[in-house]
Amino acid sequence: MAARKSTQKSNVSAEDLTKFYREMLLIRRFEEKAGQLYGMGLIGGFCHLYIGQEAVVVGLEAACEEGDKRVTSYRDHGHMLACGMDPDGVMAELTGREGGYSKGKGGSMHMFSKEKHFYGGHGIVGAQVPLGAGLAFADKYQGNGRVTFTYFGDGAANQGQVYETYNMAQLWELPVVFVIENNQYAMGTSVQRSTKSPAIWKRGEAYGIAGEEVDGMNVLAVKEAGDRAVAHCRAGKGPYILEVKTYRYRGHSMSDPAKYRTREEVQKMREERDPIEQVREMLLTGGHATEEDLKAIDKEIKDIVNKSADFAKASPEPALEELWTDIYA
């Protein structure tokens with residue numbers, strides 16, 4: 001089993017580079033707006049922002065085909081937008097309005113889209129991992145060539161059901177890509193304090209699962225690794241693990257002041273490793289876009305996000321009778 005640390009930048013067209021820039025910027029601006037609405041009291045409960053981690057989902061979605069599935073944890077808004085879910089419906093769900101994907105009853109951690117093969121954010125740490133294997137089991141049973149991306153964090157990587165799932169997935173050679181979004185902190189606990197494993201993906205070696213570590217701040221490196229993982233699964237070789245080393249700029253959730261790390265640490269990541277700025281620089285230095293082009297994209301994205309907020313505010317709250325619907329399948 002080859003251990004591979006993926007950091008290389010692949011050849012990519014100007015069109016793809018622009019697409020990655022646009023998609024990552026949409027997630028960034030959407031999450032900034034969600035943070036604002038939370039501060040205004042328009043979003044209740046929990047709200048976990050994806051700011052800083054945009055390259056992970058954008059890179060992996062670029063490796064997907066129509067019909068591939070994804071399931072993740074509660075830090076899920078980026079995954080929804082990356083797989084093509086409508087920002088209006090996502091924002092309306094965050095604000096508990098009936099125009100949302102779960103009719104305003106699920107909120108940040110409990111929305112899904114059968115049409116986009118997005119099977120949820122899940123609030124219980126690690127609970128989505130066996131569900132992801134179940135989705136992959138269905139695909140193998142049906143022989144449809146589809147792959148499931150099962151996302152979880154460095155904190156969830158210490159949960160027991162992850163390893164039960166690894167065993168079953170390898171035993172049954174399921175087409176599932178386990179994506180460890182290692183953003184360095186499980187709530188407030190740094191990964192150095194929570195595990196002695198220098199490489200979390202290598203825990204899969206005990207089950208014979210192939211994998212690699214990926215630079216999760218580089219969207220091209222993520223896309224490359226995603227292509228390898230998907231090819232492995234589609235070839236019938238069983239599961240694959242990607243440990244994507246990324247970084248979240250905000251606290252664990254909106255109620256977290258993030259005092260467990262220094263402001264300088266976060267600023268250093270923003271200045272030196274920001275995934276969006278890296279692509280922006282490639283577009284400019286490669287002559288693929290001008291400053292004016294990128295400003296126009298930013299304005300377009302801001303308009304989309306502002307429209308989603310307006311849609312959410314205008315959408316009514318669900319009727320009281322909705323308390324009794326969608327309880328049983």
# chains A, B, ... in the order shown; residues from 1 in each chain; ligands from 1

$ residues_around --residues "region 191-194 of chain A" --least-positions-apart "6" --cutoff "7 Å" --atoms "only C-alpha atoms" --output "compact mmCIF listing (two decimals) with N, CA and C atoms, in the first residue's frame"
# COMPACT_ATOMS: atom_id res chain seq x y z
N ASP A 154 -11.17 15.33 12.32
CA ASP A 154 -10.10 14.71 13.11
C ASP A 154 -10.60 14.28 14.48
N GLN A 184 -7.37 20.52 12.28
CA GLN A 184 -6.41 20.71 13.38
C GLN A 184 -7.04 20.81 14.77
N TYR A 185 -8.36 21.04 14.85
CA TYR A 185 -8.99 21.19 16.17
C TYR A 185 -10.32 20.45 16.24

$ residues_around --residues "region 312-319 of chain A" --least-positions-apart "2" --cutoff "8 Å" --atoms "only C-alpha atoms" --output "list in words"
Asp88, Gly89, Met91, Ala92, Glu93, Thr95, Gly96, Arg97, Glu98, Gly99, Gly100, Lys103, Gly104, Lys105, Ser308, Ala309, Asp310, Glu321, Glu322 and Leu323 of chain A

$ write_last_selection --atoms "N, CA and C atoms" --output "tab-separated table (two decimals), in the first residue's frame"
chain	number	residue	atom	x	y	z
A	88	ASP	N	-30.56	29.71	-1.97
A	88	ASP	CA	-31.82	30.20	-1.40
A	88	ASP	C	-32.40	29.17	-0.42
A	89	GLY	N	-32.47	27.92	-0.86
A	89	GLY	CA	-33.04	26.86	-0.02
A	89	GLY	C	-32.19	26.56	1.20
A	91	MET	N	-30.12	28.78	2.77
A	91	MET	CA	-30.24	29.89	3.72
A	91	MET	C	-31.62	29.90	4.39
A	92	ALA	N	-32.64	29.57	3.63
A	92	ALA	CA	-33.99	29.52	4.22
A	92	ALA	C	-34.06	28.43	5.29
A	93	GLU	N	-33.38	27.33	5.07
A	93	GLU	CA	-33.38	26.27	6.09
A	93	GLU	C	-32.61	26.71	7.33
A	95	THR	N	-32.41	29.59	8.51
A	95	THR	CA	-33.22	30.55	9.27
A	95	THR	C	-34.57	29.97	9.68
A	96	GLY	N	-34.78	28.67	9.45
A	96	GLY	CA	-36.00	28.00	9.91
A	96	GLY	C	-37.24	28.41	9.15
A	97	ARG	N	-37.12	28.61	7.84
A	97	ARG	CA	-38.26	29.04	7.03
A	97	ARG	C	-38.75	27.90	6.13
A	98	GLU	N	-40.02	27.97	5.76
A	98	GLU	CA	-40.61	26.84	5.01
A	98	GLU	C	-40.04	26.70	3.60
A	99	GLY	N	-39.35	27.73	3.10
A	99	GLY	CA	-38.69	27.62	1.80
A	99	GLY	C	-37.38	26.86	1.85
A	100	GLY	N	-37.01	26.36	3.03
A	100	GLY	CA	-35.76	25.63	3.18
A	100	GLY	C	-35.84	24.19	2.73
A	103	LYS	N	-37.99	22.18	4.91
A	103	LYS	CA	-39.20	22.95	5.26
A	103	LYS	C	-39.03	23.77	6.54
A	104	GLY	N	-37.79	24.13	6.85
A	104	GLY	CA	-37.54	24.95	8.02
A	104	GLY	C	-37.49	24.19	9.32
A	105	LYS	N	-37.53	22.87	9.26
A	105	LYS	CA	-37.60	22.06	10.48
A	105	LYS	C	-36.28	21.40	10.86
A	308	SER	N	-30.11	35.22	-1.45
A	308	SER	CA	-30.49	34.07	-0.61
A	308	SER	C	-30.95	34.56	0.77
A	309	ALA	N	-30.29	35.58	1.30
A	309	ALA	CA	-30.70	36.13	2.60
A	309	ALA	C	-32.07	36.79	2.50
A	310	ASP	N	-32.30	37.51	1.40
A	310	ASP	CA	-33.60	38.16	1.19
A	310	ASP	C	-34.70	37.12	1.03
A	321	GLU	N	-48.93	22.97	11.94
A	321	GLU	CA	-49.30	21.59	11.54
A	321	GLU	C	-48.09	20.80	11.04
A	322	GLU	N	-47.03	21.52	10.59
A	322	GLU	CA	-45.83	20.83	10.09
A	322	GLU	C	-45.10	20.06	11.19
A	323	LEU	N	-45.44	20.32	12.45
A	323	LEU	CA	-44.85	19.56	13.55
A	323	LEU	C	-45.14	18.06	13.41

$ residues_around --residues "Lys295 (chain A)" --least-positions-apart "4" --cutoff "12 Å" --atoms "only C-alpha atoms" --output "MDAnalysis selection string"
chainID A and resid 21:22 25 280 289:291 299:302

$ closest_residue --among "A:Glu265, A:Asp215, A:Asp76, A:Glu271" --to "Met109 (chain A)" --atoms "only C-alpha atoms"
A:Asp76

$ closest_residue --among "A:Glu32, A:Glu277, A:Asp139, A:Glu164" --to "Gly126 (chain A)" --atoms "only C-alpha atoms"
A:Glu164

$ select_by_dssp --residues "region 50-297 of chain A" --states "helix (DSSP H, G or I)" --output "MDAnalysis selection string"
chainID A and resid 54:61 77:82 87:94 128:142 156:158 160:171 191:194 200:207 219:234 263:273 275:285 291:297

$ residues_around --residues "region 52-61 of chain A" --least-positions-apart "4" --cutoff "7 Å" --atoms "only C-alpha atoms" --output "mmCIF file with N, CA and C atoms, in the first residue's frame"
data_model
loop_
_atom_site.group_PDB
_atom_site.id
_atom_site.type_symbol
_atom_site.label_atom_id
_atom_site.label_comp_id
_atom_site.auth_asym_id
_atom_site.auth_seq_id
_atom_site.Cartn_x
_atom_site.Cartn_y
_atom_site.Cartn_z
ATOM 1 N N PHE A 20 -13.355 26.835 -9.946
ATOM 2 C CA PHE A 20 -12.961 26.565 -8.558
ATOM 3 C C PHE A 20 -12.992 27.860 -7.740
ATOM 4 N N GLU A 23 -16.641 28.840 -7.048
ATOM 5 C CA GLU A 23 -17.316 27.951 -6.102
ATOM 6 C C GLU A 23 -16.797 28.142 -4.676
ATOM 7 N N MET A 24 -15.486 28.313 -4.538
ATOM 8 C CA MET A 24 -14.938 28.542 -3.196
ATOM 9 C C MET A 24 -15.385 29.897 -2.655
ATOM 10 N N ILE A 27 -18.945 29.747 -1.285
ATOM 11 C CA ILE A 27 -18.998 29.178 0.067
ATOM 12 C C ILE A 27 -18.524 30.201 1.092
ATOM 13 N N GLY A 78 -20.955 24.199 3.293
ATOM 14 C CA GLY A 78 -20.063 24.179 2.129
ATOM 15 C C GLY A 78 -20.303 22.984 1.234
ATOM 16 N N HIS A 79 -20.579 21.843 1.844
ATOM 17 C CA HIS A 79 -20.830 20.625 1.074
ATOM 18 C C HIS A 79 -22.109 20.769 0.245
ATOM 19 N N ALA A 82 -21.380 23.145 -2.686
ATOM 20 C CA ALA A 82 -20.452 22.549 -3.648
ATOM 21 C C ALA A 82 -21.119 21.489 -4.516
ATOM 22 N N CYS A 83 -22.136 20.786 -3.986
ATOM 23 C CA CYS A 83 -22.789 19.748 -4.779
ATOM 24 C C CYS A 83 -23.960 20.308 -5.591
ATOM 25 N N GLY A 216 -5.015 20.170 2.028
ATOM 26 C CA GLY A 216 -6.392 20.601 1.886
ATOM 27 C C GLY A 216 -6.579 22.086 1.680
ATOM 28 N N MET A 217 -5.486 22.853 1.642
ATOM 29 C CA MET A 217 -5.584 24.279 1.335
ATOM 30 C C MET A 217 -5.315 24.531 -0.156
ATOM 31 N N ASN A 218 -5.035 23.467 -0.891
ATOM 32 C CA ASN A 218 -4.727 23.561 -2.320
ATOM 33 C C ASN A 218 -5.782 22.780 -3.098
ATOM 34 N N VAL A 219 -6.690 23.488 -3.751
ATOM 35 C CA VAL A 219 -7.817 22.834 -4.416
ATOM 36 C C VAL A 219 -7.366 21.885 -5.529
ATOM 37 N N LEU A 220 -6.253 22.201 -6.177
ATOM 38 C CA LEU A 220 -5.773 21.327 -7.254
ATOM 39 C C LEU A 220 -5.219 20.017 -6.704
ATOM 40 N N VAL A 222 -6.231 18.642 -3.948
ATOM 41 C CA VAL A 222 -7.408 17.891 -3.500
ATOM 42 C C VAL A 222 -8.082 17.208 -4.676
ATOM 43 N N LYS A 223 -8.237 17.920 -5.789
ATOM 44 C CA LYS A 223 -8.854 17.346 -6.997
ATOM 45 C C LYS A 223 -8.056 16.144 -7.480
ATOM 46 N N GLY A 226 -8.592 13.293 -5.146
ATOM 47 C CA GLY A 226 -9.964 12.814 -5.336
ATOM 48 C C GLY A 226 -10.090 11.928 -6.559
ATOM 49 N N THR A 246 -6.533 20.621 6.494
ATOM 50 C CA THR A 246 -7.129 21.916 6.220
ATOM 51 C C THR A 246 -7.105 22.762 7.489
ATOM 52 N N TYR A 247 -7.862 23.869 7.506
ATOM 53 C CA TYR A 247 -7.827 24.765 8.667
ATOM 54 C C TYR A 247 -9.075 25.629 8.672
ATOM 55 N N ARG A 248 -9.762 25.681 9.809
ATOM 56 C CA ARG A 248 -10.915 26.578 9.901
ATOM 57 C C ARG A 248 -10.503 27.869 10.588
ATOM 58 N N TYR A 249 -10.956 28.979 10.014
ATOM 59 C CA TYR A 249 -10.583 30.288 10.553
ATOM 60 C C TYR A 249 -11.438 30.694 11.744
ATOM 61 N N ASP A 274 -4.245 30.661 2.360
ATOM 62 C CA ASP A 274 -5.664 30.757 2.031
ATOM 63 C C ASP A 274 -5.963 30.105 0.682
ATOM 64 N N PRO A 275 -6.924 29.171 0.623
ATOM 65 C CA PRO A 275 -7.185 28.431 -0.621
ATOM 66 C C PRO A 275 -7.711 29.307 -1.752
#

$ residues_around --residues "His110 (chain A)" --least-positions-apart "6" --cutoff "8 Å" --atoms "only C-alpha atoms" --output "list in words"
Tyr74, Ser102, Gly120, Gly121, His122 and Gly123 of chain A

$ residues_around --residues "Gly238 (chain A)" --least-positions-apart "5" --cutoff "6 Å" --atoms "only C-alpha atoms" --output "number ranges by chain"
A: 170, 173-175, 233

$ select_by_dssp --residues "region 49-170 of chain A" --states "strand (DSSP E or B)" --output "list in words"
Lys69, Arg70, Val71, Ser113, Phe118, Thr148, Phe149, Thr150, Tyr151, Phe152 and Gly153 of chain A

$ write_last_selection --atoms "N, CA and C atoms" --output "short mmCIF file (atom, residue, chain, number, x, y, z; two decimals), in the first residue's frame"
data_model
loop_
_atom_site.label_atom_id
_atom_site.label_comp_id
_atom_site.auth_asym_id
_atom_site.auth_seq_id
_atom_site.Cartn_x
_atom_site.Cartn_y
_atom_site.Cartn_z
N LYS A 69 -22.57 10.07 -4.29
CA LYS A 69 -23.25 10.53 -3.09
C LYS A 69 -22.27 11.17 -2.12
N ARG A 70 -22.84 11.96 -1.19
CA ARG A 70 -22.03 12.54 -0.15
C ARG A 70 -22.83 12.63 1.16
N VAL A 71 -22.13 12.39 2.27
CA VAL A 71 -22.74 12.51 3.60
C VAL A 71 -21.67 13.10 4.51
N SER A 113 -30.70 16.68 0.43
CA SER A 113 -31.30 16.82 -0.88
C SER A 113 -31.14 15.51 -1.64
N PHE A 118 -27.25 14.47 -1.62
CA PHE A 118 -26.63 14.94 -0.38
C PHE A 118 -27.45 14.38 0.78
N THR A 148 -19.47 6.89 -2.91
CA THR A 148 -19.95 7.75 -1.83
C THR A 148 -18.78 8.41 -1.12
N PHE A 149 -18.87 9.72 -0.94
CA PHE A 149 -17.88 10.48 -0.17
C PHE A 149 -18.42 10.64 1.25
N THR A 150 -17.71 10.08 2.22
CA THR A 150 -18.12 10.13 3.62
C THR A 150 -17.13 11.01 4.38
N TYR A 151 -17.59 12.21 4.74
CA TYR A 151 -16.74 13.20 5.39
C TYR A 151 -16.86 13.13 6.92
N PHE A 152 -15.73 13.25 7.61
CA PHE A 152 -15.73 13.40 9.06
C PHE A 152 -14.45 14.11 9.48
N GLY A 153 -14.40 14.58 10.72
CA GLY A 153 -13.27 15.38 11.16
C GLY A 153 -12.23 14.62 11.95
#

$ closest_residue --among "A:Thr285, A:Val179, A:Thr195, A:Met187" --to "Val244 (chain A)" --atoms "only C-alpha atoms"
A:Val179

$ closest_residue --among "A:Ala199, A:Ser253, A:Ala136, A:Tyr50" --to "Tyr38 (chain A)" --atoms "only C-alpha atoms"
A:Ser253

$ closest_residue --among "A:Tyr141, A:Phe112, A:Ala156, A:Gly188" --to "Pro257 (chain A)" --atoms "only C-alpha atoms"
A:Gly188

$ residues_around --residues "Ala231 (chain A)" --least-positions-apart "2" --cutoff "12 Å" --atoms "only C-alpha atoms" --output "PyMOL selection string"
chain A and resi 63-65+145-147+175-177+224-229+233-240

$ decode --residues "region 219-243 of chain A" --atoms "C-alpha atoms" --output "PDB file, in the first residue's frame"
ATOM      1  CA  VAL A 219      -7.817  22.834  -4.416  1.00  0.00           C
ATOM      2  CA  LEU A 220      -5.773  21.327  -7.254  1.00  0.00           C
ATOM      3  CA  ALA A 221      -4.021  18.881  -4.924  1.00  0.00           C
ATOM      4  CA  VAL A 222      -7.408  17.891  -3.500  1.00  0.00           C
ATOM      5  CA  LYS A 223      -8.854  17.346  -6.997  1.00  0.00           C
ATOM      6  CA  GLU A 224      -5.858  15.149  -7.935  1.00  0.00           C
ATOM      7  CA  ALA A 225      -6.207  13.025  -4.819  1.00  0.00           C
ATOM      8  CA  GLY A 226      -9.964  12.814  -5.336  1.00  0.00           C
ATOM      9  CA  ASP A 227      -9.426  11.487  -8.854  1.00  0.00           C
ATOM     10  CA  ARG A 228      -7.142   8.745  -7.512  1.00  0.00           C
ATOM     11  CA  ALA A 229      -9.577   7.814  -4.752  1.00  0.00           C
ATOM     12  CA  VAL A 230     -12.553   7.667  -7.109  1.00  0.00           C
ATOM     13  CA  ALA A 231     -10.646   5.579  -9.675  1.00  0.00           C
ATOM     14  CA  HIS A 232      -9.682   3.137  -6.902  1.00  0.00           C
ATOM     15  CA  CYS A 233     -13.313   2.766  -5.804  1.00  0.00           C
ATOM     16  CA  ARG A 234     -14.797   2.522  -9.306  1.00  0.00           C
ATOM     17  CA  ALA A 235     -12.263  -0.199 -10.160  1.00  0.00           C
ATOM     18  CA  GLY A 236     -13.817  -2.376  -7.437  1.00  0.00           C
ATOM     19  CA  LYS A 237     -10.792  -2.179  -5.123  1.00  0.00           C
ATOM     20  CA  GLY A 238     -12.825  -1.182  -2.076  1.00  0.00           C
ATOM     21  CA  PRO A 239     -12.621   1.923   0.121  1.00  0.00           C
ATOM     22  CA  TYR A 240     -10.024   4.682   0.121  1.00  0.00           C
ATOM     23  CA  ILE A 241      -9.041   7.165   2.844  1.00  0.00           C
ATOM     24  CA  LEU A 242      -8.110  10.793   2.214  1.00  0.00           C
ATOM     25  CA  GLU A 243      -6.791  12.750   5.189  1.00  0.00           C
TER      26      GLU A 243
END
